[in-house]
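Heads up, protein.cif below (mmCIF, C-alpha atoms and all ligand atoms):
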```
data_query
loop_
_atom_site.label_atom_id
_atom_site.label_comp_id
_atom_site.auth_asym_id
_atom_site.auth_seq_id
_atom_site.Cartn_x
_atom_site.Cartn_y
_atom_site.Cartn_z
CA MET A 1 -10.55 78.46 -37.49
CA ASN A 2 -11.36 81.34 -35.18
CA ASP A 3 -13.55 82.67 -37.95
CA PHE A 4 -15.76 79.62 -37.72
CA LYS A 5 -16.85 80.19 -34.14
CA VAL A 6 -17.33 83.93 -34.65
CA LEU A 7 -19.45 83.37 -37.74
CA ILE A 8 -21.68 80.66 -36.28
CA LEU A 9 -22.20 82.44 -32.96
CA LYS A 10 -23.29 85.59 -34.78
CA TRP A 11 -25.57 83.57 -37.06
CA TYR A 12 -27.03 81.66 -34.09
CA ALA A 13 -27.84 84.84 -32.17
CA GLN A 14 -29.94 86.02 -35.10
CA ASN A 15 -31.45 82.74 -36.32
CA LYS A 16 -31.94 80.32 -33.43
CA ARG A 17 -35.33 78.75 -33.04
CA ASN A 18 -37.40 79.76 -30.08
CA LEU A 19 -37.60 76.44 -28.20
CA PRO A 20 -39.00 75.99 -24.71
CA TRP A 21 -35.85 74.39 -23.24
CA ARG A 22 -33.84 77.42 -24.35
CA ASP A 23 -35.76 79.75 -21.99
CA ASN A 24 -33.27 79.33 -19.17
CA LYS A 25 -30.36 77.14 -18.09
CA ASN A 26 -32.29 74.78 -15.86
CA PRO A 27 -30.25 71.54 -16.01
CA TYR A 28 -33.31 69.34 -15.40
CA LYS A 29 -35.08 70.81 -18.43
CA ILE A 30 -31.95 70.66 -20.58
CA TRP A 31 -31.44 67.01 -19.62
CA LEU A 32 -35.09 66.19 -20.36
CA SER A 33 -34.93 67.92 -23.75
CA GLU A 34 -31.67 66.17 -24.67
CA ILE A 35 -33.07 62.73 -23.84
CA ILE A 36 -36.32 63.42 -25.72
CA LEU A 37 -34.45 64.74 -28.76
CA GLN A 38 -32.00 61.83 -28.98
CA GLN A 39 -34.08 59.99 -31.57
CA THR A 40 -36.89 62.45 -32.15
CA ARG A 41 -37.55 65.43 -34.41
CA VAL A 42 -37.77 68.82 -32.66
CA GLU A 43 -41.40 69.44 -33.68
CA GLN A 44 -42.54 66.14 -32.16
CA GLY A 45 -40.21 66.45 -29.16
CA ARG A 46 -41.53 69.89 -28.19
CA SER A 47 -45.03 68.63 -27.26
CA TYR A 48 -43.57 65.75 -25.21
CA PHE A 49 -41.20 68.17 -23.45
CA GLU A 50 -44.18 70.34 -22.51
CA LYS A 51 -46.21 67.34 -21.29
CA PHE A 52 -43.30 66.16 -19.15
CA THR A 53 -42.46 69.54 -17.63
CA ASP A 54 -46.17 70.20 -16.88
CA LYS A 55 -46.56 66.89 -15.10
CA TYR A 56 -43.08 66.73 -13.54
CA PRO A 57 -41.83 70.31 -13.10
CA SER A 58 -38.68 69.17 -11.32
CA VAL A 59 -36.57 66.08 -10.84
CA ASN A 60 -38.34 65.43 -7.50
CA GLU A 61 -41.74 64.96 -9.12
CA LEU A 62 -40.20 62.74 -11.79
CA ASN A 63 -38.56 60.64 -9.10
CA GLN A 64 -41.89 60.18 -7.33
CA ALA A 65 -43.69 58.98 -10.48
CA SER A 66 -43.95 55.26 -11.19
CA GLU A 67 -42.14 53.78 -14.20
CA GLU A 68 -45.58 52.86 -15.55
CA GLU A 69 -46.74 56.51 -15.48
CA VAL A 70 -43.56 57.72 -17.17
CA LEU A 71 -43.89 55.09 -19.91
CA HIS A 72 -47.53 56.07 -20.41
CA LEU A 73 -46.58 59.72 -20.96
CA TRP A 74 -43.77 58.62 -23.29
CA GLN A 75 -46.14 56.58 -25.50
CA GLY A 76 -45.57 57.31 -29.17
CA LEU A 77 -41.98 58.58 -28.87
CA GLY A 78 -40.33 55.18 -29.35
CA TYR A 79 -37.01 53.97 -27.93
CA TYR A 80 -38.67 53.36 -24.57
CA SER A 81 -35.42 52.59 -22.78
CA ARG A 82 -34.99 56.38 -22.74
CA ALA A 83 -38.08 56.73 -20.52
CA ARG A 84 -36.99 53.94 -18.18
CA ASN A 85 -33.53 55.52 -17.90
CA LEU A 86 -35.04 58.95 -17.16
CA LYS A 87 -36.95 57.51 -14.26
CA PHE A 88 -33.89 55.62 -12.99
CA ALA A 89 -31.63 58.69 -13.30
CA ALA A 90 -34.16 60.88 -11.43
CA HIS A 91 -33.84 58.41 -8.56
CA GLN A 92 -30.02 58.65 -8.76
CA ILE A 93 -30.08 62.47 -8.69
CA VAL A 94 -32.38 62.57 -5.65
CA ASN A 95 -30.64 59.80 -3.73
CA GLU A 96 -27.00 59.89 -4.78
CA PHE A 97 -26.62 63.62 -5.46
CA ASN A 98 -29.00 64.85 -2.72
CA GLY A 99 -31.38 66.31 -5.28
CA SER A 100 -28.83 68.71 -6.85
CA PHE A 101 -28.20 68.15 -10.49
CA PRO A 102 -24.60 66.98 -11.08
CA GLU A 103 -22.49 69.66 -12.77
CA THR A 104 -19.37 67.97 -14.07
CA LYS A 105 -19.15 65.70 -17.09
CA THR A 106 -17.69 62.89 -14.96
CA GLU A 107 -20.65 63.01 -12.57
CA LEU A 108 -23.19 63.40 -15.36
CA LEU A 109 -21.83 60.25 -17.01
CA GLN A 110 -22.86 58.29 -13.91
CA LEU A 111 -26.53 58.94 -14.69
CA LYS A 112 -28.26 56.10 -16.48
CA GLY A 113 -28.92 56.91 -20.13
CA VAL A 114 -26.41 59.76 -20.20
CA GLY A 115 -23.56 59.11 -22.62
CA ASN A 116 -20.72 61.22 -23.90
CA TYR A 117 -22.86 63.51 -26.06
CA THR A 118 -25.57 64.18 -23.47
CA ALA A 119 -23.08 64.75 -20.64
CA SER A 120 -21.20 67.32 -22.76
CA ALA A 121 -24.45 69.02 -23.78
CA ILE A 122 -25.72 69.39 -20.19
CA ALA A 123 -22.32 70.38 -18.76
CA SER A 124 -21.78 73.05 -21.41
CA ILE A 125 -25.31 74.45 -21.79
CA ALA A 126 -26.36 74.41 -18.13
CA PHE A 127 -23.00 74.87 -16.39
CA ASN A 128 -20.77 76.55 -19.02
CA LYS A 129 -18.17 73.77 -18.89
CA ALA A 130 -15.84 73.51 -21.91
CA HIS A 131 -16.90 70.23 -23.53
CA ALA A 132 -17.59 69.98 -27.26
CA VAL A 133 -20.66 68.01 -28.37
CA VAL A 134 -20.58 65.70 -31.38
CA ASP A 135 -23.97 64.57 -32.67
CA GLY A 136 -25.19 63.81 -36.21
CA ASN A 137 -25.40 67.53 -37.02
CA VAL A 138 -21.85 68.17 -35.85
CA TYR A 139 -20.45 65.22 -37.83
CA ARG A 140 -22.11 66.59 -40.93
CA VAL A 141 -20.94 70.18 -40.52
CA ILE A 142 -17.33 69.30 -39.63
CA SER A 143 -16.88 66.60 -42.28
CA ARG A 144 -18.19 68.99 -44.95
CA LEU A 145 -16.21 71.94 -43.67
CA PHE A 146 -12.93 70.10 -44.25
CA GLU A 147 -14.10 67.54 -46.86
CA ASP A 148 -12.98 65.01 -44.29
CA PRO A 149 -13.21 61.41 -45.65
CA THR A 150 -12.78 59.69 -42.24
CA PRO A 151 -15.75 57.33 -41.68
CA ILE A 152 -17.89 58.53 -38.77
CA ASP A 153 -19.14 55.07 -37.76
CA THR A 154 -15.87 53.67 -36.41
CA ASN A 155 -14.24 54.22 -33.01
CA LYS A 156 -11.26 55.79 -34.70
CA GLY A 157 -13.48 58.13 -36.71
CA GLN A 158 -15.46 59.16 -33.64
CA LYS A 159 -12.25 60.04 -31.77
CA HIS A 160 -10.98 61.92 -34.80
CA PHE A 161 -14.11 64.09 -35.09
CA GLN A 162 -14.24 64.62 -31.32
CA SER A 163 -10.71 66.03 -31.40
CA ILE A 164 -11.59 68.43 -34.24
CA ALA A 165 -14.74 69.48 -32.36
CA ASP A 166 -12.63 70.09 -29.23
CA GLU A 167 -10.30 72.34 -31.22
CA LEU A 168 -13.13 74.32 -32.77
CA LEU A 169 -14.97 74.83 -29.46
CA ASP A 170 -15.29 78.34 -28.07
CA ILE A 171 -14.08 77.66 -24.54
CA ASN A 172 -15.37 80.99 -23.26
CA ASN A 173 -18.86 80.32 -24.51
CA PRO A 174 -19.20 76.53 -24.88
CA GLY A 175 -22.96 76.24 -24.35
CA GLU A 176 -23.89 78.81 -26.99
CA TYR A 177 -21.22 77.51 -29.37
CA ASN A 178 -22.42 73.88 -29.08
CA GLN A 179 -26.00 74.93 -29.70
CA ALA A 180 -24.90 77.09 -32.63
CA ILE A 181 -23.08 74.29 -34.50
CA MET A 182 -25.97 71.86 -33.94
CA GLU A 183 -28.51 74.48 -35.06
CA LEU A 184 -26.44 75.15 -38.18
CA GLY A 185 -26.57 71.43 -38.99
CA ALA A 186 -30.30 71.24 -38.30
CA LEU A 187 -31.37 74.33 -40.26
CA VAL A 188 -28.72 75.09 -42.91
CA CYS A 189 -26.28 72.21 -43.39
CA THR A 190 -29.10 69.69 -43.76
CA PRO A 191 -28.47 66.10 -44.94
CA LYS A 192 -30.09 66.68 -48.34
CA LYS A 193 -29.87 69.97 -50.21
CA PRO A 194 -28.00 72.10 -47.65
CA HIS A 195 -28.50 75.85 -48.00
CA CYS A 196 -24.91 76.68 -48.91
CA GLN A 197 -25.77 79.97 -50.59
CA THR A 198 -27.13 81.42 -47.35
CA CYS A 199 -24.73 79.59 -45.04
CA PRO A 200 -22.69 81.86 -42.75
CA VAL A 201 -19.54 79.71 -43.22
CA LEU A 202 -19.66 79.25 -47.00
CA GLU A 203 -16.42 81.23 -47.45
CA ILE A 204 -14.42 78.83 -45.29
CA CYS A 205 -16.25 75.56 -46.12
CA GLN A 206 -14.58 73.26 -48.63
CA SER A 207 -17.71 71.26 -49.45
CA GLY A 208 -19.75 74.42 -49.80
CA ARG A 209 -17.28 75.95 -52.24
CA ASN A 210 -16.71 72.74 -54.22
CA GLN A 211 -20.34 71.56 -54.00
CA THR A 212 -19.25 68.16 -52.69
CA TRP A 213 -21.59 68.15 -49.69
CA ASP A 214 -23.38 64.99 -50.94
CA GLN A 215 -20.16 63.01 -50.36
CA PHE A 216 -19.93 63.83 -46.63
CA PRO A 217 -20.09 62.50 -43.99
CA VAL A 218 -18.61 59.14 -45.01
CA LYS A 219 -19.91 55.91 -43.47
CA SER A 220 -18.17 52.54 -43.71
CA LYS A 221 -21.01 50.17 -42.87
CA LYS A 222 -24.56 49.68 -43.96
CA VAL A 223 -27.21 49.33 -41.24
CA LYS A 224 -28.52 45.75 -41.19
CA VAL A 225 -32.29 45.55 -40.99
CA SER A 226 -33.91 42.33 -39.80
CA LYS A 227 -37.48 41.33 -40.68
CA ARG A 228 -39.99 40.06 -38.11
CA SER A 229 -43.67 39.17 -38.35
CA LEU A 230 -45.71 39.67 -35.19
CA HIS A 231 -49.15 38.06 -35.10
CA TYR A 232 -51.24 39.67 -32.36
CA ILE A 233 -54.40 38.01 -31.08
CA VAL A 234 -57.03 40.23 -29.52
CA TYR A 235 -58.97 37.72 -27.43
CA LEU A 236 -62.58 38.69 -26.78
CA HIS A 237 -64.62 37.44 -23.87
CA LYS A 238 -67.65 39.58 -22.97
CA ASP A 239 -66.19 43.02 -22.20
CA LYS A 240 -62.73 41.63 -21.46
CA THR A 241 -59.49 41.07 -23.35
CA ILE A 242 -56.02 39.75 -22.55
CA ILE A 243 -52.82 41.78 -22.54
CA ARG A 244 -49.35 41.29 -21.13
CA LYS A 245 -46.40 43.39 -20.13
CA ARG A 246 -43.30 42.94 -22.27
CA THR A 247 -40.47 42.07 -19.93
CA ALA A 248 -37.92 40.40 -22.22
CA LYS A 249 -34.81 42.20 -23.44
CA ASP A 250 -36.33 43.12 -26.77
CA ILE A 251 -38.12 46.02 -28.42
CA TRP A 252 -40.82 47.77 -26.33
CA LYS A 253 -39.67 46.43 -22.96
CA GLY A 254 -41.99 47.65 -20.18
CA LEU A 255 -44.89 48.37 -22.57
CA TYR A 256 -48.02 46.25 -22.99
CA ASP A 257 -49.18 44.28 -25.99
CA PHE A 258 -51.56 41.44 -26.85
CA PRO A 259 -50.63 37.74 -26.83
CA VAL A 260 -48.32 37.32 -29.80
CA TYR A 261 -46.97 34.62 -32.05
CA GLU A 262 -43.82 35.50 -33.95
CA ASN A 263 -42.37 34.12 -37.17
CA GLN A 264 -40.81 35.49 -40.34
CA SER A 265 -43.55 34.55 -42.74
CA LEU A 266 -45.56 37.22 -44.49
CA GLN A 267 -48.63 34.97 -44.48
CA PRO A 268 -51.36 34.99 -41.81
CA ILE A 269 -51.16 32.19 -39.24
CA ASN A 270 -53.74 29.51 -38.45
CA TYR A 271 -55.21 28.62 -35.08
CA LYS A 272 -52.72 25.82 -34.38
CA GLN A 273 -49.89 28.33 -34.01
CA ILE A 274 -51.55 30.78 -31.66
CA PRO A 275 -50.42 31.33 -28.08
CA ILE A 276 -53.67 30.52 -26.25
CA GLU A 277 -55.93 27.67 -27.32
CA ILE A 278 -59.33 28.91 -28.49
CA GLU A 279 -62.43 26.80 -28.25
CA ASP A 280 -64.01 27.72 -31.50
CA LYS A 281 -61.30 27.28 -34.09
CA ARG A 282 -63.25 29.16 -36.74
CA SER A 283 -63.26 32.36 -34.77
CA LEU A 284 -59.65 33.40 -35.51
CA ASN A 285 -60.21 36.39 -37.70
CA LEU A 286 -57.56 38.58 -39.37
CA ILE A 287 -58.73 42.19 -38.98
CA ASP A 288 -55.70 44.35 -39.70
CA LYS A 289 -52.21 44.28 -41.16
CA LYS A 290 -49.62 47.00 -40.71
CA GLU A 291 -45.97 47.62 -41.50
CA HIS A 292 -43.76 49.32 -38.93
CA LYS A 293 -40.14 50.34 -39.34
CA LEU A 294 -37.66 50.64 -36.49
CA THR A 295 -34.01 51.55 -36.98
CA HIS A 296 -32.80 47.96 -37.22
CA GLN A 297 -36.04 46.05 -37.74
CA LYS A 298 -38.86 45.92 -40.23
CA LEU A 299 -42.01 44.61 -38.57
CA SER A 300 -45.04 43.11 -40.28
CA ILE A 301 -47.88 43.31 -37.78
CA PHE A 302 -50.92 41.06 -38.21
CA ILE A 303 -53.86 41.62 -35.87
CA TYR A 304 -56.56 38.99 -35.36
CA THR A 305 -59.53 38.67 -33.07
CA ALA A 306 -60.54 35.39 -31.43
CA GLU A 307 -63.65 34.73 -29.35
CA LEU A 308 -63.19 32.87 -26.07
CA GLU A 309 -66.10 31.19 -24.33
CA LYS A 310 -64.25 31.48 -21.10
CA ILE A 311 -60.88 32.87 -20.08
CA PRO A 312 -58.44 30.08 -19.18
CA SER A 313 -57.59 30.15 -15.48
CA ASP A 314 -53.90 29.32 -15.90
CA LEU A 315 -52.80 32.45 -17.72
CA ASN A 316 -49.52 33.28 -16.05
CA ASN A 317 -47.87 36.54 -17.09
CA TYR A 318 -51.02 37.86 -18.76
CA ASN A 319 -53.47 40.52 -17.51
CA ILE A 320 -57.20 40.21 -18.06
CA VAL A 321 -58.57 43.71 -18.50
CA LYS A 322 -61.80 45.45 -19.43
CA ARG A 323 -61.62 46.51 -23.05
CA SER A 324 -62.95 49.98 -22.14
CA GLU A 325 -60.01 50.45 -19.76
CA ILE A 326 -57.23 49.37 -22.10
CA LYS A 327 -56.18 52.95 -22.89
CA GLN A 328 -54.80 53.27 -19.35
CA PHE A 329 -51.92 50.98 -20.36
CA ALA A 330 -48.89 52.08 -22.36
CA PHE A 331 -48.72 50.31 -25.74
CA PRO A 332 -46.22 50.69 -28.61
CA ILE A 333 -47.47 53.39 -30.99
CA ILE A 334 -48.49 50.91 -33.71
CA LEU A 335 -50.88 49.13 -31.29
CA LYS A 336 -51.93 52.38 -29.61
CA ASN A 337 -53.11 53.65 -33.01
CA PHE A 338 -54.92 50.39 -33.69
CA ILE A 339 -56.68 50.60 -30.30
CA SER A 340 -57.76 54.23 -30.83
CA GLU A 341 -59.15 53.48 -34.30
CA SER A 342 -60.86 50.20 -33.39
CA GLU A 343 -64.45 49.89 -32.21
CA LEU A 344 -63.47 46.98 -29.95
CA PHE A 345 -62.18 49.30 -27.20
FE1 LIG B 1 -22.88 72.91 -44.98
FE2 LIG B 1 -22.87 74.22 -47.30
FE3 LIG B 1 -22.58 75.56 -45.01
FE4 LIG B 1 -20.64 74.00 -45.88
S1 LIG B 1 -21.43 75.85 -46.87
S2 LIG B 1 -21.41 74.11 -43.79
S3 LIG B 1 -21.78 72.33 -46.86
S4 LIG B 1 -24.40 74.42 -45.68
#
```

For the structure just supplied, provide its representation as structure tokens.
Ligand code: SF4
Amino acid sequence: MNDFKVLILKWYAQNKRNLPWRDNKNPYKIWLSEIILQQTRVEQGRSYFEKFTDKYPSVNELNQASEEEVLHLWQGLGYYSRARNLKFAAHQIVNEFNGSFPETKTELLQLKGVGNYTASAIASIAFNKAHAVVDGNVYRVISRLFEDPTPIDTNKGQKHFQSIADELLDINNPGEYNQAIMELGALVCTPKKPHCQTCPVLEICQSGRNQTWDQFPVKSKKVKVSKRSLHYIVYLHKDKTIIRKRTAKDIWKGLYDFPVYENQSLQPINYKQIPIEIEDKRSLNLIDKKEHKLTHQKLSIFIYTAELEKIPSDLNNYNIVKRSEIKQFAFPIILKNFISESELF
């Protein structure tokens, strides 16, 4: 399979996208880009990468930022644990590694939020260490290359594909090679309608030659999606409203939202079910309904307003804020969009 690495490295040199984190081998920037791109498309990730490197040009500035500021800049990217882990890991690098970015895979794995894939990517791209990456692109390319029927979503399957990736790796040029195979998966060997006719490895690819690419990679399980209905109440009292920080181990931890009542019904709620008693029961008013999909959850979001004559004094765990200042807080994207479109704020 020597041909494989030669072919993809040549193709990569001529076809790689010009992306800002490819400008140099700065491990901080490579780490940042890898975390941003974990669940995000490159086009969307690029603008966040630029915002982050403008505001925090090095790990020191990121370490000095508050978690609140980092979450605010992350707004809209989703999977917010990534932002909390970034902040935590910046603290680890400054305090446990004296501000020098760890270079070995073993050390990199000690950083919060850095798993097997990310540690291999940073070690190989920034420090030229011989570790093969296996992400969704790599699974796709390798399973198609060999028409390999091993399911990719089992421990056994993951080990199997890691060992093939290790064998294919160009140990003299691991960073370029890893980027080349991922770029091939992103641009040519795409999930639907791969571009086999212009693919540099068509000659040695079994799926490409047999046109069986739609059968690979194989998965054994279906992702279970649960349904939740979130009923948000925007309380209005003069120029104020009520928000709270989400602290439970659940979606959107660390972000803000409005007082919420949750059930699984697709019908609007009535005033008896709402989290804070309102004086005028007629004032509960449904103003918006949205659907929002996460990887494992389908959310039905109902948004109501309710007028309060006065704000109850015993509101533990809630913040009373001026409506005009609400944009300073980090909200999940679905509520952030509602706030920017609404005339209430
Ligand atoms: Fe993917 Fe087709 Fe290239 Fe094979 S020939 S790696 S299936 S794009």

Using only C-alpha atoms and all ligand atoms, which residues of the polymer chains come no farther than 12 Å from ligand LIG 1 (chain B)? I'd like the answer as a VMD selection string.
chain A and resid 4 7 to 8 11 137 to 148 181 to 217

Next, dump the selected residues to file, keeping only C-alpha atoms, as a compact mmCIF listing (two decimals), keeping the file's coordinate frame.
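Output file result.txt is given in full below:
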```
# COMPACT_ATOMS: atom_id res chain seq x y z
CA PHE A 4 -15.76 79.62 -37.72
CA LEU A 7 -19.45 83.37 -37.74
CA ILE A 8 -21.68 80.66 -36.28
CA TRP A 11 -25.57 83.57 -37.06
CA ASN A 137 -25.40 67.53 -37.02
CA VAL A 138 -21.85 68.17 -35.85
CA TYR A 139 -20.45 65.22 -37.83
CA ARG A 140 -22.11 66.59 -40.93
CA VAL A 141 -20.94 70.18 -40.52
CA ILE A 142 -17.33 69.30 -39.63
CA SER A 143 -16.88 66.60 -42.28
CA ARG A 144 -18.19 68.99 -44.95
CA LEU A 145 -16.21 71.94 -43.67
CA PHE A 146 -12.93 70.10 -44.25
CA GLU A 147 -14.10 67.54 -46.86
CA ASP A 148 -12.98 65.01 -44.29
CA ILE A 181 -23.08 74.29 -34.50
CA MET A 182 -25.97 71.86 -33.94
CA GLU A 183 -28.51 74.48 -35.06
CA LEU A 184 -26.44 75.15 -38.18
CA GLY A 185 -26.57 71.43 -38.99
CA ALA A 186 -30.30 71.24 -38.30
CA LEU A 187 -31.37 74.33 -40.26
CA VAL A 188 -28.72 75.09 -42.91
CA CYS A 189 -26.28 72.21 -43.39
CA THR A 190 -29.10 69.69 -43.76
CA PRO A 191 -28.47 66.10 -44.94
CA LYS A 192 -30.09 66.68 -48.34
CA LYS A 193 -29.87 69.97 -50.21
CA PRO A 194 -28.00 72.10 -47.65
CA HIS A 195 -28.50 75.85 -48.00
CA CYS A 196 -24.91 76.68 -48.91
CA GLN A 197 -25.77 79.97 -50.59
CA THR A 198 -27.13 81.42 -47.35
CA CYS A 199 -24.73 79.59 -45.04
CA PRO A 200 -22.69 81.86 -42.75
CA VAL A 201 -19.54 79.71 -43.22
CA LEU A 202 -19.66 79.25 -47.00
CA GLU A 203 -16.42 81.23 -47.45
CA ILE A 204 -14.42 78.83 -45.29
CA CYS A 205 -16.25 75.56 -46.12
CA GLN A 206 -14.58 73.26 -48.63
CA SER A 207 -17.71 71.26 -49.45
CA GLY A 208 -19.75 74.42 -49.80
CA ARG A 209 -17.28 75.95 -52.24
CA ASN A 210 -16.71 72.74 -54.22
CA GLN A 211 -20.34 71.56 -54.00
CA THR A 212 -19.25 68.16 -52.69
CA TRP A 213 -21.59 68.15 -49.69
CA ASP A 214 -23.38 64.99 -50.94
CA GLN A 215 -20.16 63.01 -50.36
CA PHE A 216 -19.93 63.83 -46.63
CA PRO A 217 -20.09 62.50 -43.99
```

Rounded to one decimal in Å, what is the spacing between CA of Leu335 (chain A) and CA of Ile303 (chain A)?
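CA of Ile303 (chain A) lies 9.3 Å from CA of Leu335 (chain A).
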
Which residues, written as a ChimeraX atom specification, have at least one atom at most 7 Å from Ile125 (chain A), with all atoms listed in the file counted and residues fewer than 2 positions away on the same chain left out?
/A:25,121-123,127-128,175-176

Selection as a list in words: residues within 9 Å of (-60.5, 38.3, -33.8), counting all atoms listed in the file:
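Selection result: Ile233, Val234, Tyr235, Leu236, Ser283, Leu284, Asn285, Leu286, Ile287, Ile303, Tyr304, Thr305, Ala306 and Glu307 of chain A.
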
Which of these residues is nearest to Leu32 (chain A), using only C-alpha atoms: A:Phe97, A:Tyr232, A:Phe329, A:Tyr56?
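Of A:Phe97, A:Tyr232, A:Phe329, A:Tyr56, the one nearest Leu32 (chain A) is A:Tyr56, counting only C-alpha atoms.
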
Closest-contact table, region 168-253 of chain A side, partner region 259-279 of chain A, 7 Å, counting only C-alpha atoms, as a tab-separated table:
```
residue	atom	partner	partner_atom	distance
A:Lys227	CA	A:Gln264	CA	6.7
A:Arg228	CA	A:Gln264	CA	5.2
A:Ser229	CA	A:Gln264	CA	5.1
A:Leu230	CA	A:Glu262	CA	4.7
A:His231	CA	A:Tyr261	CA	5.1
A:Tyr232	CA	A:Val260	CA	4.5
A:Ile233	CA	A:Pro259	CA	5.7
A:Ile243	CA	A:Pro259	CA	6.3
A:Arg244	CA	A:Pro259	CA	6.8
```

Point-to-point distance in Å for CA of Pro102 (chain A) and CA of Tyr177 (chain A)
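Going from CA of Tyr177 (chain A) over to CA of Pro102 (chain A), I get 21.4 Å.
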
Find the residues near Pro174 (chain A): any atom within 7 Å, counting all atoms listed in the file, skip ones fewer than 2 places away on the same chain, and give them as a PyMOL selection string.
chain A and resi 124+128-131+169-172+176-178

Who sits within 10 Å of region 17-24 of chain A, all atoms listed in the file, same chain under 2 positions skipped, as a PyMOL selection string
chain A and resi 12-15+26-34+42-43+46-47+49-50+53+125-126+179+183+187

Quick one: 5 Å padding each side, axis-aligned, all listed atoms of region 262-278 of chain A - centre and edge lengths in Å to one decimal, as AutoDock Vina command-line options?
```
--center_x -50.1 --center_y 31.5 --center_z -35.4 --size_x 28.5 --size_y 21.4 --size_z 28.2
```

Expected residue set, 10 Å radius at (-38.8, 59.6, -8.3), only C-alpha atoms, as a list in words:
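Every polymer residue passing the test: Tyr56, Val59, Asn60, Glu61, Leu62, Asn63, Gln64, Ala65, Ser66, Glu67, Leu86, Lys87, Phe88, Ala89, Ala90, His91, Gln92, Ile93, Val94 and Asn95 of chain A.
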
Which residue, A:Leu77, A:Val114, A:Leu37, A:Val134, has the smallest gap to His160 (chain A) when you use only C-alpha atoms?
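Of all the options, A:Val134 lies closest to His160 (chain A).
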
Between CA of Pro151 (chain A) and CA of Arg41 (chain A) - distance in Å to one decimal
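Between CA of Arg41 (chain A) and CA of Pro151 (chain A) the gap works out to 24.4 Å.
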
Contact residues around Asp239 (chain A) with all atoms listed in the file at 7 Å, ignoring same-chain residues under 2 positions, as an MDAnalysis selection string
chainID A and resid 237 322:323

Generate the output file for the selected residues, C-alpha atoms, as an mmCIF file, keeping the file's coordinate frame.
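Output file part.cif follows:
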```cif
data_model
loop_
_atom_site.group_PDB
_atom_site.id
_atom_site.type_symbol
_atom_site.label_atom_id
_atom_site.label_comp_id
_atom_site.auth_asym_id
_atom_site.auth_seq_id
_atom_site.Cartn_x
_atom_site.Cartn_y
_atom_site.Cartn_z
ATOM 1 C CA HIS A 237 -64.620 37.440 -23.870
ATOM 2 C CA LYS A 322 -61.800 45.450 -19.430
ATOM 3 C CA ARG A 323 -61.620 46.510 -23.050
#
```

Assuming the input is short of atoms at region 159-168 of chain A, produce N, CA, C and O atoms for that part as an mmCIF file, in the frame of the given file.
```cif
data_model
loop_
_atom_site.group_PDB
_atom_site.id
_atom_site.type_symbol
_atom_site.label_atom_id
_atom_site.label_comp_id
_atom_site.auth_asym_id
_atom_site.auth_seq_id
_atom_site.Cartn_x
_atom_site.Cartn_y
_atom_site.Cartn_z
ATOM 1 N N LYS A 159 -13.310 59.317 -32.517
ATOM 2 C CA LYS A 159 -12.250 60.040 -31.770
ATOM 3 C C LYS A 159 -11.708 61.195 -32.607
ATOM 4 O O LYS A 159 -11.448 62.281 -32.105
ATOM 5 N N HIS A 160 -11.515 60.911 -33.882
ATOM 6 C CA HIS A 160 -10.980 61.920 -34.800
ATOM 7 C C HIS A 160 -11.891 63.163 -34.829
ATOM 8 O O HIS A 160 -11.433 64.291 -34.663
ATOM 9 N N PHE A 161 -13.192 62.936 -35.006
ATOM 10 C CA PHE A 161 -14.110 64.090 -35.090
ATOM 11 C C PHE A 161 -14.261 64.775 -33.728
ATOM 12 O O PHE A 161 -14.445 65.987 -33.659
ATOM 13 N N GLN A 162 -14.169 63.993 -32.651
ATOM 14 C CA GLN A 162 -14.240 64.620 -31.320
ATOM 15 C C GLN A 162 -13.049 65.570 -31.146
ATOM 16 O O GLN A 162 -13.210 66.676 -30.630
ATOM 17 N N SER A 163 -11.869 65.145 -31.626
ATOM 18 C CA SER A 163 -10.710 66.030 -31.400
ATOM 19 C C SER A 163 -10.823 67.299 -32.253
ATOM 20 O O SER A 163 -10.431 68.371 -31.807
ATOM 21 N N ILE A 164 -11.392 67.197 -33.445
ATOM 22 C CA ILE A 164 -11.590 68.430 -34.240
ATOM 23 C C ILE A 164 -12.622 69.324 -33.544
ATOM 24 O O ILE A 164 -12.440 70.548 -33.430
ATOM 25 N N ALA A 165 -13.704 68.684 -33.046
ATOM 26 C CA ALA A 165 -14.740 69.480 -32.360
ATOM 27 C C ALA A 165 -14.147 70.175 -31.142
ATOM 28 O O ALA A 165 -14.454 71.339 -30.872
ATOM 29 N N ASP A 166 -13.271 69.481 -30.408
ATOM 30 C CA ASP A 166 -12.630 70.090 -29.230
ATOM 31 C C ASP A 166 -11.799 71.318 -29.631
ATOM 32 O O ASP A 166 -11.785 72.326 -28.939
ATOM 33 N N GLU A 167 -11.121 71.195 -30.774
ATOM 34 C CA GLU A 167 -10.300 72.340 -31.220
ATOM 35 C C GLU A 167 -11.143 73.521 -31.650
ATOM 36 O O GLU A 167 -10.777 74.669 -31.446
ATOM 37 N N LEU A 168 -12.289 73.220 -32.272
ATOM 38 C CA LEU A 168 -13.130 74.320 -32.770
ATOM 39 C C LEU A 168 -13.898 75.015 -31.652
ATOM 40 O O LEU A 168 -14.297 76.171 -31.791
#
```
